[in-house]
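Student: You'll find protein.tsv just under this line, and it carries TSV, C-alpha atoms.
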```
chain	number	residue	atom	x	y	z
A	18	MET	CA	0.00	0.00	0.00
A	19	GLY	CA	3.00	2.25	-0.33
A	20	CYS	CA	3.66	2.81	3.36
A	21	GLY	CA	7.36	2.19	2.84
A	22	LEU	CA	7.74	-0.05	5.89
A	23	CYS	CA	9.59	-2.65	3.82
A	24	ALA	CA	12.04	0.05	2.73
A	25	TRP	CA	12.58	0.99	6.38
A	26	ALA	CA	13.16	-2.66	7.25
A	27	CYS	CA	15.62	-3.34	4.42
A	28	PRO	CA	19.14	-2.48	5.60
A	29	TYR	CA	20.52	-2.56	2.08
A	30	GLY	CA	18.14	-0.18	0.39
A	31	ALA	CA	16.76	-2.79	-1.99
A	32	ARG	CA	13.19	-1.50	-1.82
A	33	GLU	CA	12.13	1.70	-3.49
A	34	LEU	CA	8.79	3.37	-3.99
A	35	ASP	CA	7.60	3.90	-7.53
A	36	ALA	CA	5.87	7.24	-7.10
A	37	ASP	CA	3.80	6.88	-10.25
A	38	SER	CA	2.17	3.60	-9.34
A	39	GLY	CA	2.39	3.93	-5.55
A	40	THR	CA	3.91	0.46	-5.26
A	41	MET	CA	7.21	-0.66	-3.82
A	42	LYS	CA	9.63	-2.05	-6.36
A	43	LYS	CA	12.86	-4.01	-6.19
A	44	CYS	CA	15.13	-6.02	-8.43
A	45	THR	CA	13.21	-9.01	-9.82
A	46	LEU	CA	16.38	-10.87	-10.81
A	47	CYS	CA	14.94	-10.67	-14.32
A	48	VAL	CA	12.51	-13.46	-13.49
A	49	ASP	CA	10.86	-12.94	-16.86
A	50	ARG	CA	14.16	-13.73	-18.62
A	51	VAL	CA	14.97	-16.69	-16.39
A	52	TYR	CA	11.72	-18.47	-17.20
A	53	ASP	CA	11.41	-17.37	-20.82
A	54	GLN	CA	11.25	-20.45	-23.02
A	55	ASN	CA	11.95	-18.41	-26.14
A	56	LEU	CA	15.46	-17.45	-25.05
A	57	PRO	CA	18.47	-19.70	-25.48
A	58	GLN	CA	19.59	-21.33	-22.23
A	59	ARG	CA	22.70	-19.17	-21.99
A	60	GLU	CA	20.60	-16.02	-21.98
A	61	ARG	CA	18.17	-17.13	-19.26
A	62	GLN	CA	20.04	-15.08	-16.68
A	63	PRO	CA	19.53	-11.59	-15.27
A	64	ALA	CA	20.50	-8.84	-17.67
A	65	CYS	CA	23.16	-7.48	-15.34
A	66	VAL	CA	24.89	-10.87	-15.18
A	67	LEU	CA	25.03	-11.03	-18.97
A	68	ALA	CA	26.17	-7.43	-19.23
A	69	CYS	CA	29.04	-7.51	-16.75
A	70	PRO	CA	32.27	-7.23	-18.76
A	71	THR	CA	34.46	-8.68	-16.03
A	72	HIS	CA	32.08	-11.57	-15.23
A	73	ALA	CA	31.86	-10.34	-11.68
A	74	ARG	CA	28.21	-11.37	-11.33
A	75	HIS	CA	26.96	-14.93	-11.11
A	76	PHE	CA	23.43	-16.26	-11.04
A	77	GLY	CA	22.31	-19.66	-9.88
A	78	ASP	CA	20.61	-21.79	-7.25
A	79	LEU	CA	22.27	-21.41	-3.86
A	80	ASP	CA	20.03	-24.14	-2.43
A	81	ASP	CA	21.78	-26.69	-4.66
A	82	PRO	CA	25.23	-27.35	-3.14
A	83	GLN	CA	26.55	-28.59	-6.48
A	84	SER	CA	25.58	-25.53	-8.52
A	85	LYS	CA	28.22	-23.18	-9.86
A	86	VAL	CA	27.30	-20.37	-7.48
A	87	SER	CA	27.28	-22.61	-4.40
A	88	ARG	CA	30.72	-23.87	-5.27
A	89	LEU	CA	31.97	-20.34	-5.88
A	90	VAL	CA	30.67	-19.19	-2.52
A	91	ALA	CA	32.19	-22.18	-0.75
A	92	GLU	CA	35.56	-21.92	-2.48
A	93	ARG	CA	36.06	-18.19	-2.30
A	94	GLY	CA	34.43	-17.49	1.05
A	95	GLY	CA	31.34	-15.63	-0.06
A	96	PHE	CA	29.43	-13.69	2.60
A	97	GLY	CA	26.21	-11.76	3.02
A	98	MET	CA	26.29	-8.14	4.09
A	99	LEU	CA	25.53	-7.05	7.67
A	100	PRO	CA	25.13	-10.61	9.02
A	101	GLU	CA	24.80	-9.32	12.58
A	102	LEU	CA	21.31	-8.10	11.74
A	103	GLY	CA	20.26	-11.71	11.27
A	104	TYR	CA	18.57	-11.16	7.90
A	105	LYS	CA	20.50	-14.02	6.21
A	106	PRO	CA	20.43	-12.42	2.75
A	107	VAL	CA	20.53	-14.80	-0.20
A	108	ASN	CA	22.80	-12.42	-2.07
A	109	GLN	CA	26.40	-13.49	-1.43
A	110	TYR	CA	29.42	-11.33	-2.17
A	111	LEU	CA	32.78	-12.79	-3.09
A	112	PRO	CA	35.71	-11.07	-1.38
A	113	PRO	CA	38.37	-9.40	-3.51
A	114	ARG	CA	41.00	-11.85	-4.59
A	115	ALA	CA	44.59	-11.13	-3.67
A	116	SER	CA	46.50	-10.20	-6.79
A	117	PRO	CA	49.34	-12.59	-7.53
A	118	GLU	CA	52.66	-11.37	-6.25
A	119	VAL	CA	54.90	-10.03	-8.99
A	120	PRO	CA	58.50	-11.13	-8.44
A	121	GLN	CA	60.82	-8.15	-8.13
A	122	HIS	CA	64.53	-8.19	-8.62
A	123	LYS	CA	66.06	-5.58	-6.38
A	124	THR	CA	69.63	-4.78	-5.59
A	125	ALA	CA	70.86	-4.84	-2.01
A	126	LEU	CA	70.70	-1.03	-1.82
A	127	GLN	CA	67.08	-0.98	-3.03
A	128	GLN	CA	66.16	-3.63	-0.48
A	129	LEU	CA	67.78	-1.56	2.30
A	130	VAL	CA	65.86	1.55	1.23
A	131	ASP	CA	62.63	-0.49	1.16
A	132	LYS	CA	63.25	-1.69	4.71
A	133	LEU	CA	63.91	1.84	5.96
A	134	ILE	CA	60.80	3.22	4.26
A	135	GLU	CA	58.64	0.42	5.70
A	136	ARG	CA	59.24	1.74	9.20
B	2	MET	CA	15.21	9.65	8.39
B	3	LYS	CA	12.80	12.13	6.95
B	4	PRO	CA	10.02	12.55	9.52
B	5	ALA	CA	6.66	12.12	7.81
B	6	LEU	CA	4.28	14.61	9.40
B	7	SER	CA	1.34	12.30	8.86
B	8	ILE	CA	3.05	9.61	10.94
B	9	VAL	CA	4.12	12.11	13.61
B	10	PHE	CA	0.52	13.26	13.96
B	11	PHE	CA	-0.76	9.69	13.85
B	12	THR	CA	1.40	8.40	16.71
B	13	VAL	CA	0.89	11.44	18.93
B	14	LEU	CA	-2.87	11.79	18.41
B	15	SER	CA	-3.70	8.10	18.57
B	16	GLY	CA	-1.36	7.70	21.53
B	17	ALA	CA	-3.15	10.50	23.36
B	18	GLY	CA	-6.55	9.03	22.47
B	19	LEU	CA	-5.60	5.54	23.58
B	20	GLY	CA	-4.08	6.81	26.82
B	21	MET	CA	-7.21	8.83	27.45
B	22	LEU	CA	-9.47	5.81	26.88
B	23	SER	CA	-7.40	3.59	29.15
B	24	LEU	CA	-7.34	6.16	31.97
B	25	LEU	CA	-11.08	6.82	31.67
B	26	ALA	CA	-11.69	3.09	31.90
B	27	MET	CA	-9.45	2.81	34.95
B	28	ALA	CA	-11.00	5.83	36.66
B	29	TYR	CA	-14.69	5.32	35.91
B	30	GLY	CA	-15.26	1.97	34.21
B	31	SER	CA	-18.73	1.85	32.67
B	32	ALA	CA	-19.68	5.15	34.30
B	33	ALA	CA	-17.27	7.21	32.22
B	34	ALA	CA	-18.56	10.46	30.79
B	35	ARG	CA	-19.84	9.94	27.28
B	36	THR	CA	-18.17	13.05	25.82
B	37	ALA	CA	-14.82	12.07	27.21
B	38	VAL	CA	-14.96	8.55	25.73
B	39	LEU	CA	-16.11	9.95	22.39
B	40	ALA	CA	-13.27	12.48	22.49
B	41	GLY	CA	-10.83	9.63	23.12
B	42	ILE	CA	-12.01	7.46	20.28
B	43	GLY	CA	-12.27	10.58	18.12
B	44	LEU	CA	-8.60	11.33	18.68
B	45	VAL	CA	-7.70	7.73	17.81
B	46	THR	CA	-9.75	7.98	14.62
B	47	LEU	CA	-8.10	11.26	13.67
B	48	GLY	CA	-4.74	9.65	14.18
B	49	LEU	CA	-5.61	6.61	12.08
B	50	LEU	CA	-6.96	8.78	9.27
B	51	SER	CA	-3.74	10.77	9.38
B	52	SER	CA	-1.75	7.58	8.97
B	53	VAL	CA	-3.74	6.72	5.82
B	54	LEU	CA	-2.44	9.98	4.33
B	55	HIS	CA	1.03	8.47	4.57
B	56	LEU	CA	0.14	5.75	2.07
B	57	ALA	CA	1.13	6.12	-1.56
B	58	ASN	CA	-1.49	3.54	-2.61
B	59	PRO	CA	-4.36	3.67	-0.11
B	60	LYS	CA	-6.67	1.45	-2.15
B	61	ASN	CA	-4.50	-1.48	-1.04
B	62	ALA	CA	-4.76	-0.53	2.62
B	63	TRP	CA	-6.97	-3.57	3.32
B	64	ARG	CA	-3.87	-5.68	2.79
B	65	SER	CA	-2.36	-4.27	5.98
B	66	PHE	CA	-4.51	-6.67	8.02
B	67	MET	CA	-3.24	-9.78	6.28
B	68	ARG	CA	0.11	-10.47	7.97
B	69	PHE	CA	-0.92	-10.73	11.61
B	70	ARG	CA	1.49	-13.55	12.33
B	71	THR	CA	4.63	-11.66	11.45
B	72	SER	CA	3.94	-7.93	11.15
B	73	TRP	CA	3.48	-5.48	13.99
B	74	LEU	CA	1.70	-3.18	11.57
B	75	SER	CA	-0.88	-5.87	10.87
B	76	ARG	CA	-1.33	-6.56	14.55
B	77	GLU	CA	-1.82	-2.88	15.26
B	78	ALA	CA	-4.35	-2.60	12.43
B	79	VAL	CA	-6.37	-5.61	13.62
B	80	PHE	CA	-6.48	-4.46	17.23
B	81	ALA	CA	-7.32	-0.90	16.20
B	82	VAL	CA	-10.34	-2.18	14.32
B	83	LEU	CA	-11.37	-4.28	17.34
B	84	LEU	CA	-11.24	-1.15	19.50
B	85	TYR	CA	-14.34	0.34	17.91
B	86	PRO	CA	-16.89	-2.33	18.85
B	87	SER	CA	-15.44	-2.48	22.36
B	88	VAL	CA	-15.80	1.30	22.80
B	89	LEU	CA	-19.33	1.08	21.38
B	90	ALA	CA	-20.13	-1.63	23.93
B	91	TRP	CA	-18.62	0.61	26.61
B	92	LEU	CA	-20.85	3.51	25.61
B	93	LEU	CA	-23.88	1.21	25.60
B	94	GLY	CA	-23.08	0.18	29.19
B	95	VAL	CA	-22.08	-3.43	28.57
B	96	PRO	CA	-20.34	-4.52	31.79
B	97	GLY	CA	-16.61	-5.11	31.40
B	98	ALA	CA	-16.44	-3.44	27.98
B	99	ALA	CA	-14.51	-0.51	29.43
B	100	TYR	CA	-11.76	-2.82	30.63
B	101	ALA	CA	-11.68	-4.66	27.32
B	102	ALA	CA	-11.20	-1.30	25.63
B	103	MET	CA	-8.46	-0.43	28.10
B	104	LEU	CA	-6.61	-3.69	27.39
B	105	LEU	CA	-6.99	-3.16	23.66
B	106	ALA	CA	-5.64	0.38	24.04
B	107	TRP	CA	-2.56	-0.97	25.80
B	108	VAL	CA	-2.02	-3.61	23.14
B	109	ILE	CA	-2.44	-1.08	20.32
B	110	LEU	CA	0.06	1.31	21.91
B	111	PHE	CA	2.53	-1.54	22.31
B	112	CYS	CA	2.08	-2.71	18.71
B	113	THR	CA	2.53	0.81	17.36
B	114	ALA	CA	5.80	1.19	19.24
B	115	MET	CA	7.00	-2.27	18.17
B	116	ILE	CA	6.58	-1.34	14.51
B	117	TYR	CA	9.52	0.99	15.04
B	118	ALA	CA	11.40	-0.97	17.67
B	119	SER	CA	11.42	-4.10	15.49
B	120	LEU	CA	13.34	-2.43	12.65
B	121	LYS	CA	16.88	-3.72	12.90
B	122	PRO	CA	18.50	-1.30	10.42
B	123	ILE	CA	17.61	1.64	12.66
B	124	ARG	CA	19.79	1.28	15.75
B	125	GLU	CA	18.34	4.29	17.54
B	126	TRP	CA	15.03	2.46	17.94
B	127	ARG	CA	16.36	-0.89	19.14
B	128	SER	CA	15.53	-0.55	22.79
B	129	PRO	CA	12.71	-1.52	25.15
B	130	LEU	CA	12.67	2.16	26.07
B	131	VAL	CA	10.85	2.84	22.80
B	132	PRO	CA	7.63	0.96	23.65
B	133	LEU	CA	7.95	2.22	27.22
B	134	ASN	CA	8.12	5.81	25.97
B	135	PHE	CA	5.20	5.43	23.58
B	136	PHE	CA	3.17	3.92	26.41
B	137	LEU	CA	4.02	6.53	29.02
B	138	LEU	CA	3.79	9.54	26.69
B	139	GLY	CA	0.43	8.33	25.37
B	140	HIS	CA	-0.91	7.89	28.87
B	141	TYR	CA	0.52	11.21	30.05
B	142	SER	CA	-1.05	13.19	27.21
B	143	GLY	CA	-4.26	11.18	27.58
B	144	ALA	CA	-4.38	11.91	31.29
B	145	LEU	CA	-3.98	15.64	30.70
B	146	LEU	CA	-6.72	15.65	28.10
B	147	ALA	CA	-8.99	13.54	30.30
B	148	PHE	CA	-8.42	15.94	33.20
B	149	ALA	CA	-9.11	18.90	30.93
B	150	LEU	CA	-12.45	17.35	29.95
B	151	THR	CA	-13.63	16.00	33.30
B	152	GLN	CA	-11.88	18.28	35.84
B	153	ASP	CA	-11.53	15.24	38.10
B	154	PRO	CA	-8.77	15.82	40.71
B	155	ALA	CA	-7.84	12.11	40.59
B	156	LEU	CA	-6.99	12.52	36.91
B	157	ARG	CA	-4.96	15.61	37.74
B	158	MET	CA	-2.90	13.53	40.13
B	159	ALA	CA	-2.58	10.80	37.48
B	160	ALA	CA	-1.43	13.41	34.96
B	161	LEU	CA	1.22	14.71	37.35
B	162	VAL	CA	2.54	11.23	38.17
B	163	LEU	CA	2.57	10.23	34.50
B	164	LEU	CA	4.29	13.51	33.60
B	165	LEU	CA	7.16	12.66	35.91
B	166	MET	CA	7.33	9.04	34.76
B	167	ALA	CA	7.18	9.94	31.08
B	168	GLY	CA	9.75	12.69	31.55
B	169	ALA	CA	12.10	10.30	33.31
B	170	ALA	CA	11.65	7.68	30.59
B	171	LYS	CA	12.35	10.28	27.89
B	172	VAL	CA	15.52	11.44	29.63
B	173	ALA	CA	16.58	7.81	30.02
B	174	TYR	CA	16.01	7.24	26.31
B	175	TYR	CA	18.08	10.27	25.32
B	176	ARG	CA	20.87	9.14	27.66
B	177	VAL	CA	20.90	5.49	26.66
B	178	MET	CA	20.39	6.03	22.93
B	179	GLU	CA	22.91	8.85	22.67
B	180	ALA	CA	25.31	6.92	20.49
B	181	PRO	CA	24.03	3.48	19.57
B	182	GLU	CA	26.41	0.99	18.09
B	183	ARG	CA	26.17	1.49	14.37
B	184	PRO	CA	27.97	-0.64	11.81
B	185	THR	CA	31.01	0.97	10.23
B	186	LEU	CA	31.42	1.15	6.48
B	187	GLN	CA	33.95	-1.67	6.69
B	188	ALA	CA	31.56	-3.92	8.54
B	189	ALA	CA	28.74	-3.03	6.17
B	190	LEU	CA	30.82	-4.05	3.17
B	191	GLY	CA	31.90	-7.29	4.80
B	192	MET	CA	35.53	-6.41	5.51
B	193	PRO	CA	35.58	-5.47	9.18
B	194	SER	CA	39.34	-5.83	9.45
B	195	ALA	CA	40.09	-3.31	6.73
B	196	ALA	CA	41.79	-0.24	8.13
B	197	ARG	CA	40.35	2.59	6.09
B	198	MET	CA	37.61	2.55	3.53
B	199	LYS	CA	36.05	5.39	1.64
B	200	LEU	CA	33.14	5.28	-0.75
B	201	LEU	CA	34.25	7.27	-3.76
B	202	ASP	CA	31.01	7.31	-5.69
B	203	ALA	CA	27.51	6.48	-4.56
B	204	GLY	CA	26.52	5.83	-8.13
B	205	HIS	CA	24.00	8.58	-8.64
B	206	THR	CA	24.31	12.32	-9.00
B	207	HIS	CA	20.63	13.00	-8.37
B	208	GLY	CA	18.45	12.17	-5.40
B	209	THR	CA	16.66	8.85	-5.33
B	210	TYR	CA	13.79	7.49	-3.25
B	211	LEU	CA	16.37	6.22	-0.78
B	212	THR	CA	18.10	9.55	-0.40
B	213	ASP	CA	14.76	11.35	-0.04
B	214	GLU	CA	13.57	8.99	2.62
B	215	PHE	CA	16.72	8.21	4.60
B	216	ALA	CA	19.31	10.91	3.99
B	217	PHE	CA	17.77	13.45	6.31
B	218	ARG	CA	20.36	14.53	8.81
B	219	LEU	CA	19.67	16.80	11.73
B	220	ALA	CA	22.44	19.12	12.93
B	221	ARG	CA	23.37	18.38	16.52
B	222	SER	CA	22.72	21.98	17.60
B	223	ARG	CA	19.26	21.93	16.07
B	224	ALA	CA	18.50	18.60	17.72
B	225	GLU	CA	19.54	20.00	21.09
B	226	GLN	CA	17.38	23.09	20.63
B	227	LEU	CA	14.39	20.91	19.76
B	228	ARG	CA	14.99	18.70	22.80
B	229	ILE	CA	14.77	21.82	24.94
B	230	VAL	CA	11.46	22.65	23.25
B	231	VAL	CA	10.25	19.13	24.09
B	232	ALA	CA	11.31	19.49	27.71
B	233	VAL	CA	9.78	22.93	28.16
B	234	ALA	CA	6.56	22.67	26.16
B	235	GLY	CA	5.96	19.00	26.76
B	236	PHE	CA	6.83	18.71	30.43
B	237	LEU	CA	7.98	21.80	32.35
B	238	LEU	CA	5.26	24.26	31.37
B	239	PRO	CA	2.42	21.75	31.84
B	240	LEU	CA	3.90	20.85	35.23
B	241	LEU	CA	3.99	24.50	36.27
B	242	LEU	CA	0.49	25.13	34.99
B	243	LEU	CA	-0.95	22.07	36.73
B	244	LEU	CA	0.67	22.93	40.04
B	245	THR	CA	-0.08	26.65	40.11
B	246	LEU	CA	-3.18	27.56	38.13
B	247	GLU	CA	-6.72	26.31	38.67
B	248	ASP	CA	-8.13	26.35	35.17
B	249	ALA	CA	-4.97	25.68	33.23
B	250	ALA	CA	-5.68	22.11	32.09
B	251	PRO	CA	-6.68	22.87	28.47
B	252	LEU	CA	-3.62	25.09	27.97
B	253	ALA	CA	-1.41	22.48	29.59
B	254	ALA	CA	-2.89	19.78	27.32
B	255	LEU	CA	-2.27	21.89	24.24
B	256	LEU	CA	1.32	22.61	25.24
B	257	CYS	CA	1.85	18.95	26.04
B	258	LEU	CA	0.60	17.88	22.60
B	259	ALA	CA	2.80	20.47	20.91
B	260	GLY	CA	5.82	19.25	22.87
B	261	LEU	CA	5.02	15.64	22.02
B	262	LEU	CA	4.69	16.46	18.32
B	263	VAL	CA	8.21	17.87	18.44
B	264	GLU	CA	9.40	14.85	20.43
B	265	ARG	CA	7.99	12.44	17.85
B	266	TRP	CA	9.45	14.52	15.02
B	267	LEU	CA	12.84	14.25	16.70
B	268	PHE	CA	12.34	10.50	17.18
B	269	PHE	CA	12.24	10.13	13.42
B	270	ALA	CA	14.71	12.87	12.53
B	271	GLU	CA	17.46	11.59	14.79
B	272	ALA	CA	17.20	8.04	13.49
B	273	ARG	CA	19.79	6.92	10.98
B	274	HIS	CA	19.24	4.01	8.64
B	275	THR	CA	22.04	1.62	7.63
B	276	VAL	CA	21.27	2.23	3.96
B	277	ASN	CA	23.13	5.53	4.34
B	278	LEU	CA	26.36	3.58	4.71
B	279	TYR	CA	26.01	2.37	1.16
B	280	GLN	CA	25.26	5.86	-0.08
B	281	LYS	CA	28.22	7.90	1.08
B	282	ARG	CA	26.78	9.11	4.37
B	283	SER	CA	27.55	7.59	7.76
```
Show the structure stored in the file as structure tokens.
Tutor:
Amino acid sequence: MGCGLCAWACPYGARELDADSGTMKKCTLCVDRVYDQNLPQRERQPACVLACPTHARHFGDLDDPQSKVSRLVAERGGFGMLPELGYKPVNQYLPPRASPEVPQHKTALQQLVDKLIER
Amino acid sequence: MKPALSIVFFTVLSGAGLGMLSLLAMAYGSAAARTAVLAGIGLVTLGLLSSVLHLANPKNAWRSFMRFRTSWLSREAVFAVLLYPSVLAWLLGVPGAAYAAMLLAWVILFCTAMIYASLKPIREWRSPLVPLNFFLLGHYSGALLAFALTQDPALRMAALVLLLMAGAAKVAYYRVMEAPERPTLQAALGMPSAARMKLLDAGHTHGTYLTDEFAFRLARSRAEQLRIVVAVAGFLLPLLLLLTLEDAAPLAALLCLAGLLVERWLFFAEARHTVNLYQKRS
């Protein structure tokens, strides 16, 4: 009914009021794409997942422990935001990966300078 | 959070009406003065109508009754509807109806307060002092109004006692909720051990629904000035008027309501929602 209580309750700001229709809206995870029989299987994902150029977004069934997203979350330590609020969000974020260390060849003098600067 | 005036008026007016009904039931039972009971339920009705103004889509308002098991808003709506037949029975002299109305009034006040106290993203409201304050402030304002209408010295005494209790509870709330534990940006983004983190870009250059609703920030000096207004108009002046002047009850009730409107406005204005963390404001 457009009271906005769900927006107050959502700590992440996922709920917004559509002023024109007076209804609360949120991301639908492109449910119309996911269940669209006319699309090829590869394209039955949310538009943002398909659009991401770095493949940072993944879509799948977290209830299935063998699915790609469940394995990603388990392997890379995915977490939900603000867990202390007890909301147990389904959305899981993967932490930034450590970049691989680039081997550096430094002379003894450069290593000494590095050590002094570190302090 | 942006204080919605319709909600400020709703909680203060319906709180006063419910407090008034409960005190009239306690003081007189079935023998309560008809005008006073009608004034009480009238205030509650005014408050509820004001809350409907807050809705962006009022034709769906019937849906607010449908989640009684999980939603404090639904529980409040259901009990508020049940209040009307019980007050009607009270006016018709049905024995025990006055006490049923009193119990319903208590439950409704509690449910209204729990709507706010149950919201985890708003740390300022996560305290049992919130329902306690709603309860005491509603009864205090109700007692003043009931005294103004009936001129009963017992209600004057009740108003004085409730003034002191409500004032103490309000001071306790301001003390305890001075700086609630809010999540840091690091904790909100899931990296609590990170040393420093700064949000460079919130992602929008124009206001959104979220910034309109939650970005309201009250300057500390302004908040302190308004708290003084609450203390003076809501508590000190009515106390003085009740103790010194004979016929001062209506003026005291008016001042009390004005002070409580400011208090409720501050209740919303001083609250900060966690969504601000994700939008470049702490």
Student: Would you list which chain B residues are within 7 Å of chain A using all atoms listed in the file, as a PyMOL selection string?
Tutor: chain B and resi 55-59+61-62+120-122+188-191+210-211+275-276
Student: For Met178 of chain B, please output as a ChimeraX atom specification all residues within 9 Å (counting only C-alpha atoms; exclusion window: fewer than 6 positions along the same chain).
Tutor: /B:124-128
Student: Do you know which residues are at most 12 Å from Met27 of chain B counting only C-alpha atoms, after dropping those on the same chain fewer than 2 positions away, and could you put them as an MDAnalysis selection string?
Tutor: chainID B and resid 20:25 29:33 97:104 106 140 144 147 155:156 159
Student: Just the residues within 7 Å of Leu145 of chain B, please, counting all atoms listed in the file, with nothing from its chain fewer than 2 positions along; format it as a tab-separated table (two decimals) with C-alpha atoms, in the frame of the given file.
Tutor:
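Writing the result to part21.tsv gives the following:
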```
chain	number	residue	atom	x	y	z
B	141	TYR	CA	0.52	11.21	30.05
B	142	SER	CA	-1.05	13.19	27.21
B	143	GLY	CA	-4.26	11.18	27.58
B	147	ALA	CA	-8.99	13.54	30.30
B	148	PHE	CA	-8.42	15.94	33.20
B	149	ALA	CA	-9.11	18.90	30.93
B	160	ALA	CA	-1.43	13.41	34.96
B	250	ALA	CA	-5.68	22.11	32.09
B	254	ALA	CA	-2.89	19.78	27.32
```
Student: Show me, as JSON, numbers by chain, the residues that have an atom within 12 Å of Ala232 of chain B when counting all atoms listed in the file, minus same-chain residues fewer than 3 positions from it.
Tutor: {"B": [164, 165, 167, 168, 169, 171, 172, 175, 225, 226, 227, 228, 229, 235, 236, 237, 238, 239, 240, 256, 257, 258, 259, 260, 261, 262, 263, 264]}
Student: Just the number, please: distance in Å from atom CA of Leu110 of chain B to atom CA of Arg273 of chain B, one decimal.
Tutor: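 Separating atom CA of Leu110 of chain B from atom CA of Arg273 of chain B is a distance of 23.2 Å.
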Student: So that I can see what lies close to segment 66-76 of chain A, please list as a PyMOL selection string the residues with an atom at most 7 Å from it, counting all atoms listed in the file and leaving out residues fewer than 3 positions away in the same chain.
Tutor: chain A and resi 62-63+86
Student: Do you have the atom CA of Pro4 of chain B-atom CA of Arg265 of chain B distance handy?
Tutor: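 Atom CA of Pro4 of chain B sits 8.6 Å away from atom CA of Arg265 of chain B.
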Student: Any idea what the distance is between atom CA of Thr71 of chain B and atom CA of Ser119 of chain B?
Tutor: 10.9 Å
Student: N, CA and C atoms are needed for segment 92-104 of chain A; please write them out as an mmCIF file, in the coordinates of the input.
Tutor:
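The new file selection-v8.cif reads:
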```cif
data_model
loop_
_atom_site.group_PDB
_atom_site.id
_atom_site.type_symbol
_atom_site.label_atom_id
_atom_site.label_comp_id
_atom_site.auth_asym_id
_atom_site.auth_seq_id
_atom_site.Cartn_x
_atom_site.Cartn_y
_atom_site.Cartn_z
ATOM 1 N N GLU A 92 34.112 -21.956 -2.218
ATOM 2 C CA GLU A 92 35.560 -21.920 -2.480
ATOM 3 C C GLU A 92 36.166 -20.572 -2.145
ATOM 4 N N ARG A 93 35.459 -19.512 -2.467
ATOM 5 C CA ARG A 93 36.060 -18.190 -2.300
ATOM 6 C C ARG A 93 35.584 -17.463 -1.053
ATOM 7 N N GLY A 94 34.822 -18.121 -0.207
ATOM 8 C CA GLY A 94 34.430 -17.490 1.050
ATOM 9 C C GLY A 94 33.426 -16.373 0.862
ATOM 10 N N GLY A 95 32.344 -16.662 0.147
ATOM 11 C CA GLY A 95 31.340 -15.630 -0.060
ATOM 12 C C GLY A 95 30.596 -15.327 1.243
ATOM 13 N N PHE A 96 30.110 -14.100 1.365
ATOM 14 C CA PHE A 96 29.430 -13.690 2.600
ATOM 15 C C PHE A 96 28.268 -12.766 2.248
ATOM 16 N N GLY A 97 27.301 -12.720 3.159
ATOM 17 C CA GLY A 97 26.210 -11.760 3.020
ATOM 18 C C GLY A 97 26.559 -10.507 3.790
ATOM 19 N N MET A 98 25.963 -9.391 3.414
ATOM 20 C CA MET A 98 26.290 -8.140 4.090
ATOM 21 C C MET A 98 25.534 -8.015 5.414
ATOM 22 N N LEU A 99 26.145 -7.339 6.358
ATOM 23 C CA LEU A 99 25.530 -7.050 7.670
ATOM 24 C C LEU A 99 24.916 -8.313 8.286
ATOM 25 N N PRO A 100 25.706 -9.377 8.466
ATOM 26 C CA PRO A 100 25.130 -10.610 9.020
ATOM 27 C C PRO A 100 24.650 -10.455 10.445
ATOM 28 N N GLU A 101 25.197 -9.466 11.158
ATOM 29 C CA GLU A 101 24.800 -9.320 12.580
ATOM 30 C C GLU A 101 23.341 -8.919 12.725
ATOM 31 N N LEU A 102 22.723 -8.434 11.640
ATOM 32 C CA LEU A 102 21.310 -8.100 11.740
ATOM 33 C C LEU A 102 20.424 -9.326 11.655
ATOM 34 N N GLY A 103 21.026 -10.479 11.279
ATOM 35 C CA GLY A 103 20.260 -11.710 11.270
ATOM 36 C C GLY A 103 19.308 -11.851 10.099
ATOM 37 N N TYR A 104 19.498 -11.083 9.027
ATOM 38 C CA TYR A 104 18.570 -11.160 7.900
ATOM 39 C C TYR A 104 18.867 -12.334 6.989
#
```
